[in-house]
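*Asks:* work32.txt is the file, holding compact mmCIF, C-alpha atoms:
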```txt
# COMPACT_ATOMS: atom_id res chain seq x y z
CA MET A 1 128.74 56.57 73.21
CA GLY A 2 130.96 59.26 74.71
CA GLU A 3 129.44 62.21 76.50
CA TRP A 4 131.59 64.55 74.40
CA LYS A 5 129.80 63.39 71.25
CA LEU A 6 126.41 63.95 72.84
CA ARG A 7 127.43 67.45 73.94
CA ALA A 8 128.60 68.24 70.41
CA PHE A 9 125.29 67.00 69.06
CA ARG A 10 123.31 69.18 71.47
CA LYS A 11 125.36 72.21 70.43
CA ILE A 12 124.64 71.61 66.74
CA VAL A 13 120.88 71.39 67.39
CA TRP A 14 120.75 74.42 69.69
CA ASP A 15 122.91 76.52 67.34
CA TYR A 16 120.60 75.73 64.44
CA TYR A 17 117.48 76.53 66.46
CA THR A 18 118.86 79.82 67.78
CA LYS A 19 119.34 81.10 64.24
CA ASN A 20 116.55 79.36 62.34
CA LYS A 21 113.61 78.52 64.62
CA ARG A 22 110.25 78.47 62.89
CA ASP A 23 107.63 81.03 63.87
CA LEU A 24 104.69 78.70 64.46
CA PRO A 25 101.50 80.10 66.03
CA TRP A 26 101.04 77.29 68.56
CA ARG A 27 104.45 78.05 70.05
CA SER A 28 103.96 80.81 72.55
CA THR A 29 105.62 82.20 75.65
CA LYS A 30 102.21 81.83 77.30
CA VAL A 31 101.35 78.23 76.54
CA ASN A 32 97.69 77.23 76.22
CA PRO A 33 97.25 73.44 76.60
CA TYR A 34 94.08 73.52 74.48
CA HIS A 35 95.99 75.20 71.65
CA VAL A 36 98.69 72.54 71.95
CA LEU A 37 96.06 69.78 71.75
CA VAL A 38 94.56 71.30 68.59
CA SER A 39 97.95 71.76 66.95
CA GLU A 40 99.16 68.25 67.73
CA VAL A 41 96.01 66.65 66.30
CA MET A 42 96.28 68.85 63.19
CA LEU A 43 99.95 67.95 62.76
CA GLN A 44 99.19 64.22 62.62
CA GLN A 45 100.09 63.20 59.04
CA THR A 46 100.17 66.86 57.93
CA GLN A 47 103.17 69.15 57.46
CA ALA A 48 103.43 72.24 59.64
CA ALA A 49 103.34 74.63 56.67
CA ARG A 50 99.89 73.34 55.70
CA VAL A 51 98.61 73.52 59.26
CA VAL A 52 99.50 77.13 60.13
CA GLU A 53 96.61 79.01 58.49
CA LYS A 54 93.99 76.36 59.27
CA TYR A 55 95.13 76.36 62.89
CA LYS A 56 94.69 80.14 63.13
CA GLU A 57 91.21 79.94 61.60
CA PHE A 58 90.21 77.04 63.85
CA ILE A 59 91.34 78.74 67.07
CA LYS A 60 89.55 81.93 66.04
CA ARG A 61 86.36 79.92 65.46
CA PHE A 62 86.76 77.73 68.57
CA PRO A 63 88.92 79.77 71.01
CA ASN A 64 88.66 77.37 73.95
CA VAL A 65 87.82 73.78 74.72
CA SER A 66 84.29 74.63 75.91
CA THR A 67 83.46 76.40 72.65
CA LEU A 68 84.66 73.40 70.67
CA ALA A 69 82.78 70.93 72.87
CA ARG A 70 79.49 72.84 72.47
CA ALA A 71 79.79 73.35 68.72
CA PRO A 72 77.76 71.20 66.31
CA LEU A 73 80.01 68.56 64.76
CA ARG A 74 79.09 69.80 61.28
CA ASP A 75 80.65 73.19 62.10
CA VAL A 76 83.84 71.53 63.31
CA ILE A 77 84.07 69.43 60.14
CA ARG A 78 83.51 72.51 57.99
CA ALA A 79 86.26 74.39 59.83
CA TRP A 80 88.56 71.41 59.27
CA GLN A 81 88.27 71.43 55.48
CA GLY A 82 91.63 71.73 53.76
CA LEU A 83 93.50 69.53 56.24
CA GLY A 84 92.26 66.10 55.17
CA TYR A 85 91.80 63.03 57.37
CA ASN A 86 88.43 64.36 58.54
CA ARG A 87 88.10 61.77 61.28
CA ARG A 88 90.65 63.87 63.21
CA ALA A 89 88.01 66.61 63.45
CA LEU A 90 85.55 64.07 64.84
CA TYR A 91 88.07 62.80 67.39
CA LEU A 92 89.07 66.32 68.46
CA HIS A 93 85.43 67.26 68.97
CA LYS A 94 84.84 64.15 71.10
CA ALA A 95 88.05 64.79 73.04
CA ALA A 96 86.90 68.34 73.85
CA GLN A 97 83.58 67.01 75.16
CA ILE A 98 85.38 64.50 77.39
CA ILE A 99 87.76 67.18 78.70
CA VAL A 100 84.83 69.42 79.61
CA LYS A 101 82.83 66.61 81.21
CA GLU A 102 85.56 64.65 83.01
CA TYR A 103 88.38 67.15 83.55
CA LYS A 104 86.45 70.41 84.12
CA GLY A 105 87.73 71.87 80.87
CA LYS A 106 91.42 71.36 81.66
CA VAL A 107 93.54 69.34 79.23
CA PRO A 108 95.11 66.48 81.23
CA ARG A 109 98.82 66.58 81.95
CA ASP A 110 99.36 62.84 82.45
CA PRO A 111 100.18 61.08 79.15
CA GLU A 112 98.28 57.99 80.24
CA LEU A 113 95.13 60.09 80.70
CA LEU A 114 95.75 61.88 77.41
CA GLU A 115 96.03 58.54 75.62
CA GLN A 116 92.46 57.75 76.63
CA LEU A 117 91.17 60.68 74.56
CA PRO A 118 89.92 59.88 71.03
CA GLY A 119 92.58 60.35 68.39
CA VAL A 120 95.41 60.72 70.90
CA GLY A 121 97.99 57.96 70.71
CA TYR A 122 101.29 57.32 72.46
CA TYR A 123 103.27 60.00 70.60
CA THR A 124 100.59 62.70 70.63
CA ALA A 125 99.97 62.23 74.37
CA ARG A 126 103.63 62.77 75.21
CA ALA A 127 103.99 65.66 72.79
CA ILE A 128 101.04 67.40 74.46
CA SER A 129 102.47 66.75 77.91
CA THR A 130 105.83 68.18 76.83
CA PHE A 131 104.67 71.22 74.86
CA ALA A 132 101.72 72.14 77.08
CA TYR A 133 103.28 71.48 80.49
CA ASN A 134 107.05 71.31 79.79
CA ASP A 135 107.20 67.77 81.17
CA PRO A 136 110.32 65.83 80.05
CA GLN A 137 108.71 62.98 78.14
CA ILE A 138 110.55 60.59 75.83
CA PHE A 139 108.98 60.28 72.38
CA ILE A 140 109.83 60.19 68.71
CA GLU A 141 108.29 61.58 65.54
CA THR A 142 109.47 61.80 61.95
CA ASN A 143 111.63 64.94 62.26
CA VAL A 144 113.18 63.82 65.54
CA ARG A 145 113.86 60.43 63.96
CA SER A 146 115.56 62.12 61.00
CA VAL A 147 117.92 64.08 63.24
CA PHE A 148 119.12 61.08 65.24
CA ILE A 149 119.51 58.81 62.23
CA HIS A 150 121.42 61.52 60.35
CA HIS A 151 123.88 62.13 63.20
CA PHE A 152 124.28 58.74 64.82
CA PHE A 153 123.53 56.19 62.07
CA PRO A 154 124.58 57.90 58.81
CA LEU A 155 125.69 54.68 57.11
CA ARG A 156 123.01 52.35 58.43
CA GLU A 157 119.74 51.12 56.96
CA GLN A 158 116.71 49.78 58.81
CA VAL A 159 117.47 51.68 62.02
CA HIS A 160 114.95 50.70 64.70
CA ASP A 161 113.38 53.19 67.11
CA ARG A 162 114.61 51.10 70.04
CA GLU A 163 118.13 52.17 69.03
CA LEU A 164 117.12 55.83 68.91
CA LEU A 165 115.07 56.13 72.09
CA PRO A 166 118.05 55.69 74.50
CA LEU A 167 119.86 58.49 72.63
CA ILE A 168 116.78 60.69 72.79
CA GLU A 169 116.64 60.11 76.53
CA ARG A 170 120.35 60.78 77.07
CA THR A 171 120.31 64.04 75.10
CA LEU A 172 117.00 65.38 76.46
CA ASP A 173 117.18 68.80 78.09
CA VAL A 174 115.06 68.04 81.16
CA LYS A 175 114.88 71.69 82.21
CA GLN A 176 113.42 72.93 78.94
CA PRO A 177 112.16 69.86 77.07
CA SER A 178 109.55 71.76 75.08
CA LEU A 179 112.21 74.01 73.55
CA TRP A 180 114.54 71.07 72.96
CA TYR A 181 111.94 69.07 71.05
CA ALA A 182 111.01 72.18 69.07
CA ALA A 183 114.70 72.55 68.17
CA LEU A 184 114.93 68.91 67.11
CA MET A 185 111.81 69.18 64.98
CA ASP A 186 112.92 72.37 63.24
CA TYR A 187 116.37 70.94 62.59
CA GLY A 188 114.87 67.69 61.30
CA ALA A 189 112.54 69.56 58.95
CA CYS A 190 115.56 71.43 57.59
CA LEU A 191 117.60 68.24 57.10
CA LYS A 192 114.89 66.85 54.81
CA THR A 193 115.38 69.80 52.47
CA LEU A 194 119.17 69.50 52.42
CA THR A 195 119.64 65.77 51.99
CA ALA A 196 117.72 62.61 51.21
CA ASN A 197 115.14 62.13 53.93
CA PRO A 198 117.06 60.35 56.73
CA SER A 199 113.79 58.78 57.94
CA ARG A 200 113.87 56.50 54.90
CA LYS A 201 116.64 54.62 56.69
CA SER A 202 114.24 53.84 59.53
CA ALA A 203 112.87 50.35 59.99
CA HIS A 204 109.51 52.07 60.57
CA TYR A 205 109.47 54.09 57.35
CA ILE A 206 106.30 53.64 55.31
CA ARG A 207 105.97 55.32 51.94
CA GLN A 208 102.73 57.29 51.86
CA ARG A 209 100.17 55.89 49.47
CA LYS A 210 99.15 58.01 46.51
CA PHE A 211 96.16 60.24 47.20
CA LYS A 212 94.99 60.45 43.60
CA GLY A 213 92.62 57.60 42.84
CA SER A 214 92.49 56.42 46.46
CA GLU A 215 89.42 55.84 48.60
CA ARG A 216 90.68 58.74 50.73
CA GLU A 217 90.27 61.01 47.73
CA VAL A 218 86.65 59.90 47.33
CA ARG A 219 85.89 60.32 51.03
CA GLY A 220 87.46 63.78 51.09
CA ALA A 221 85.44 64.88 48.07
CA LEU A 222 82.20 63.65 49.65
CA VAL A 223 82.81 65.49 52.92
CA ARG A 224 83.85 68.66 51.09
CA ALA A 225 80.68 68.55 48.99
CA LEU A 226 78.53 68.28 52.12
CA ALA A 227 80.54 70.96 53.92
CA ARG A 228 79.79 73.44 51.15
CA GLY A 229 76.02 73.22 51.39
CA LYS A 230 72.90 71.28 52.17
CA SER A 231 72.19 67.57 52.15
CA LYS A 232 72.70 65.65 48.91
CA THR A 233 71.32 62.50 47.36
CA LEU A 234 73.30 59.80 45.58
CA PRO A 235 72.21 61.05 42.09
CA VAL A 236 73.48 64.54 43.00
CA PHE A 237 76.83 63.15 44.18
CA THR A 238 77.09 61.10 40.98
CA ARG A 239 76.33 64.14 38.87
CA ASP A 240 78.75 66.47 40.65
CA LEU A 241 81.68 64.12 41.33
CA SER A 242 83.76 62.18 38.81
CA PHE A 243 83.67 58.87 40.69
CA PRO A 244 81.68 55.72 39.83
CA PRO A 245 78.37 55.43 41.77
CA ALA A 246 79.56 52.19 43.41
CA ARG A 247 82.62 53.92 44.92
CA ILE A 248 80.50 56.85 46.09
CA THR A 249 78.03 54.51 47.80
CA LYS A 250 80.81 52.44 49.37
CA ASN A 251 82.51 55.50 50.85
CA LEU A 252 79.27 57.09 52.03
CA GLU A 253 78.60 53.92 54.00
CA ALA A 254 82.10 54.04 55.49
CA LEU A 255 81.65 57.70 56.47
CA LYS A 256 78.30 56.87 58.07
CA LYS A 257 79.89 54.15 60.21
CA GLU A 258 82.55 56.59 61.39
CA GLY A 259 79.98 59.23 62.29
CA LEU A 260 81.14 61.79 59.74
CA VAL A 261 77.97 61.54 57.63
CA VAL A 262 74.33 60.87 58.49
CA GLN A 263 71.55 59.63 56.21
CA ARG A 264 67.91 60.64 56.37
CA ARG A 265 65.82 58.73 53.86
CA ASP A 266 67.69 59.14 50.56
CA ALA A 267 69.70 62.27 51.54
CA TYR A 268 73.12 62.55 53.16
CA SER A 269 74.41 65.39 55.30
CA LEU A 270 77.00 66.26 57.93
CA PRO A 271 76.02 65.35 61.51
CA ASN A 272 74.48 67.91 63.86
```
Can the structure from this file be put into structure tokens for me?

*Replies:*
Amino acid sequence: MGEWKLRAFRKIVWDYYTKNKRDLPWRSTKVNPYHVLVSEVMLQQTQAARVVEKYKEFIKRFPNVSTLARAPLRDVIRAWQGLGYNRRALYLHKAAQIIVKEYKGKVPRDPELLEQLPGVGYYTARAISTFAYNDPQIFIETNVRSVFIHHFFPLREQVHDRELLPLIERTLDVKQPSLWYAALMDYGACLKTLTANPSRKSAHYIRQRKFKGSEREVRGALVRALARGKSKTLPVFTRDLSFPPARITKNLEALKKEGLVVQRRDAYSLPN
């Protein structure tokens, strides 16, 4: 592909970002790696618009990694309510404890070290490295994917990430990668409102399963019920929630195995 086309592409993205960049609280001129870690975990499977207020509340409640590491897990889970996928709160809490214990409270810069933290995979590790330390990592997420498919594969279906990654590398602004990825993400989010989601043309596209009626709905309702008050027994859950007792029992057991719920005799509660 000609360099002229890549330059034109960069100009389109930068022009859009200059005029339309999103005001997101985790983007700051004074970057805090802990804040970046929290935001990236929150943004997993959750749109930025839903994350903004919960992020602000969470950072106010747990302003640094040491505060989060010391906090009872039940308080972290309660602060997480409204975001869903509660295991992310568990992973973030464990990650904070590891950072305090093994890295003296400093979020690692190396993506390979970041990947060893609970709940931090390949993408999240490189996003943290880029946004927290301005390191020029190569990675892809749904909005970035949308931008490159829209511009370089407009007539294709089943576009594989291995076709996109070389283009991401060739167009990367190595001097200011954090700003460049922010520009790509904002532009990609906009594209989804203007046209059919380009990511649907990706070979990796997976349609999200319906929440209503899912086991995730049951699990979320159970954790929310415990987050609102004291421990509860199975009869209380059955009385207060509109799910069959068998589904409630099944999901309580699953939450216990994950460490999100503890049982003492016949009562369930959030962990200490």

*Asks:* Pick the closest to Tyr55 (chain A) from A:Thr130, A:Gln137, A:Gln81, A:Thr67: which is it, counting all atoms listed in the file?

*Replies:*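 Checking each candidate against Tyr55 (chain A), we get A:Gln81 as the closest.
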
*Asks:* Taking a cut-off of 7 Å and counting only C-alpha atoms, can you build a table that, for each residue of region 69-137 of chain A near region 174-189 of chain A, reports the nearest atom pair and how far apart they are in Å (one decimal), sorted by chain then residue number, as a tab-separated table?

*Replies:*
```
residue	atom	partner	partner_atom	distance
A:Thr130	CA	A:Ser178	CA	5.5
A:Phe131	CA	A:Ser178	CA	4.9
A:Asn134	CA	A:Ser178	CA	5.4
A:Asp135	CA	A:Pro177	CA	6.8
A:Pro136	CA	A:Pro177	CA	5.3
```

*Asks:* How would the residues just picked look written out with C-alpha atoms as a PDB file, keeping the file's coordinate frame?

*Replies:*
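As written to disk, selection.pdb reads:
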```pdb
ATOM      1  CA  THR A 130     105.830  68.180  76.830  1.00  0.00           C
ATOM      2  CA  PHE A 131     104.670  71.220  74.860  1.00  0.00           C
ATOM      3  CA  ASN A 134     107.050  71.310  79.790  1.00  0.00           C
ATOM      4  CA  ASP A 135     107.200  67.770  81.170  1.00  0.00           C
ATOM      5  CA  PRO A 136     110.320  65.830  80.050  1.00  0.00           C
TER       6      PRO A 136
END
```

*Asks:* Quick one: of A:Ser231, A:Ala267, A:Thr171, A:Val100, who's nearest to Trp4 (chain A), counting all atoms listed in the file?

*Replies:*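 Closest to Trp4 (chain A) of all the choices is A:Thr171.
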
*Asks:* Have a look at A:Leu90, A:Val36, A:Leu252, A:Leu83 and name the one nearest to Ser129 (chain A); count all atoms listed in the file.

*Replies:*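 Ranked by minimum distance to Ser129 (chain A), first place goes to A:Val36.
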
*Asks:* State, in Å with one decimal place, the distance from CA of Lys212 (chain A) to CA of Asn251 (chain A).

*Replies:* 15.3 Å

*Asks:* Mind giving me the straight-line distance from CA of Arg126 (chain A) to CA of Arg170 (chain A) in Å, one decimal?

*Replies:*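 Atom-to-atom, CA of Arg126 (chain A) and CA of Arg170 (chain A) are spaced 16.9 Å apart.
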
*Asks:* For CA of Arg87 (chain A) and CA of Lys106 (chain A), determine how far apart the two atoms are, in Å to one decimal place.

*Replies:*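 We find that CA of Arg87 (chain A) and CA of Lys106 (chain A) lie 22.8 Å from each other.
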
*Asks:* As a ChimeraX atom specification, please: the residues near Ala95 (chain A) (cut-off 12 Å, all atoms listed in the file, same-chain neighbours under 4 positions excluded).

*Replies:* /A:34,37-38,41,65-66,68-70,88-91,99-103,105-108,113-120

*Asks:* List the spatial neighbours of region 141-153 of chain A as a PyMOL selection string - criterion: any atom at most 10 Å away, only C-alpha atoms, same-chain residues fewer than 6 positions off excluded.

*Replies:* chain A and resi 1+5-6+9+13+44-45+123-124+127+159-161+163-165+167-168+181-192+195-202+204-205

*Asks:* Using only C-alpha atoms, which residues sit within 6 Å of region 73-79 of chain A once same-chain residues fewer than 5 positions away are excluded, as number ranges by chain?

*Replies:* A: 89, 227, 270-272

*Asks:* Check the smallest atom-to-atom distance from each of A:Gln158, A:Val223, A:Leu92, A:Gln208 to Thr46 (chain A) using only C-alpha atoms, then report the winner.

*Replies:*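 Ranked by minimum distance to Thr46 (chain A), first place goes to A:Gln208.
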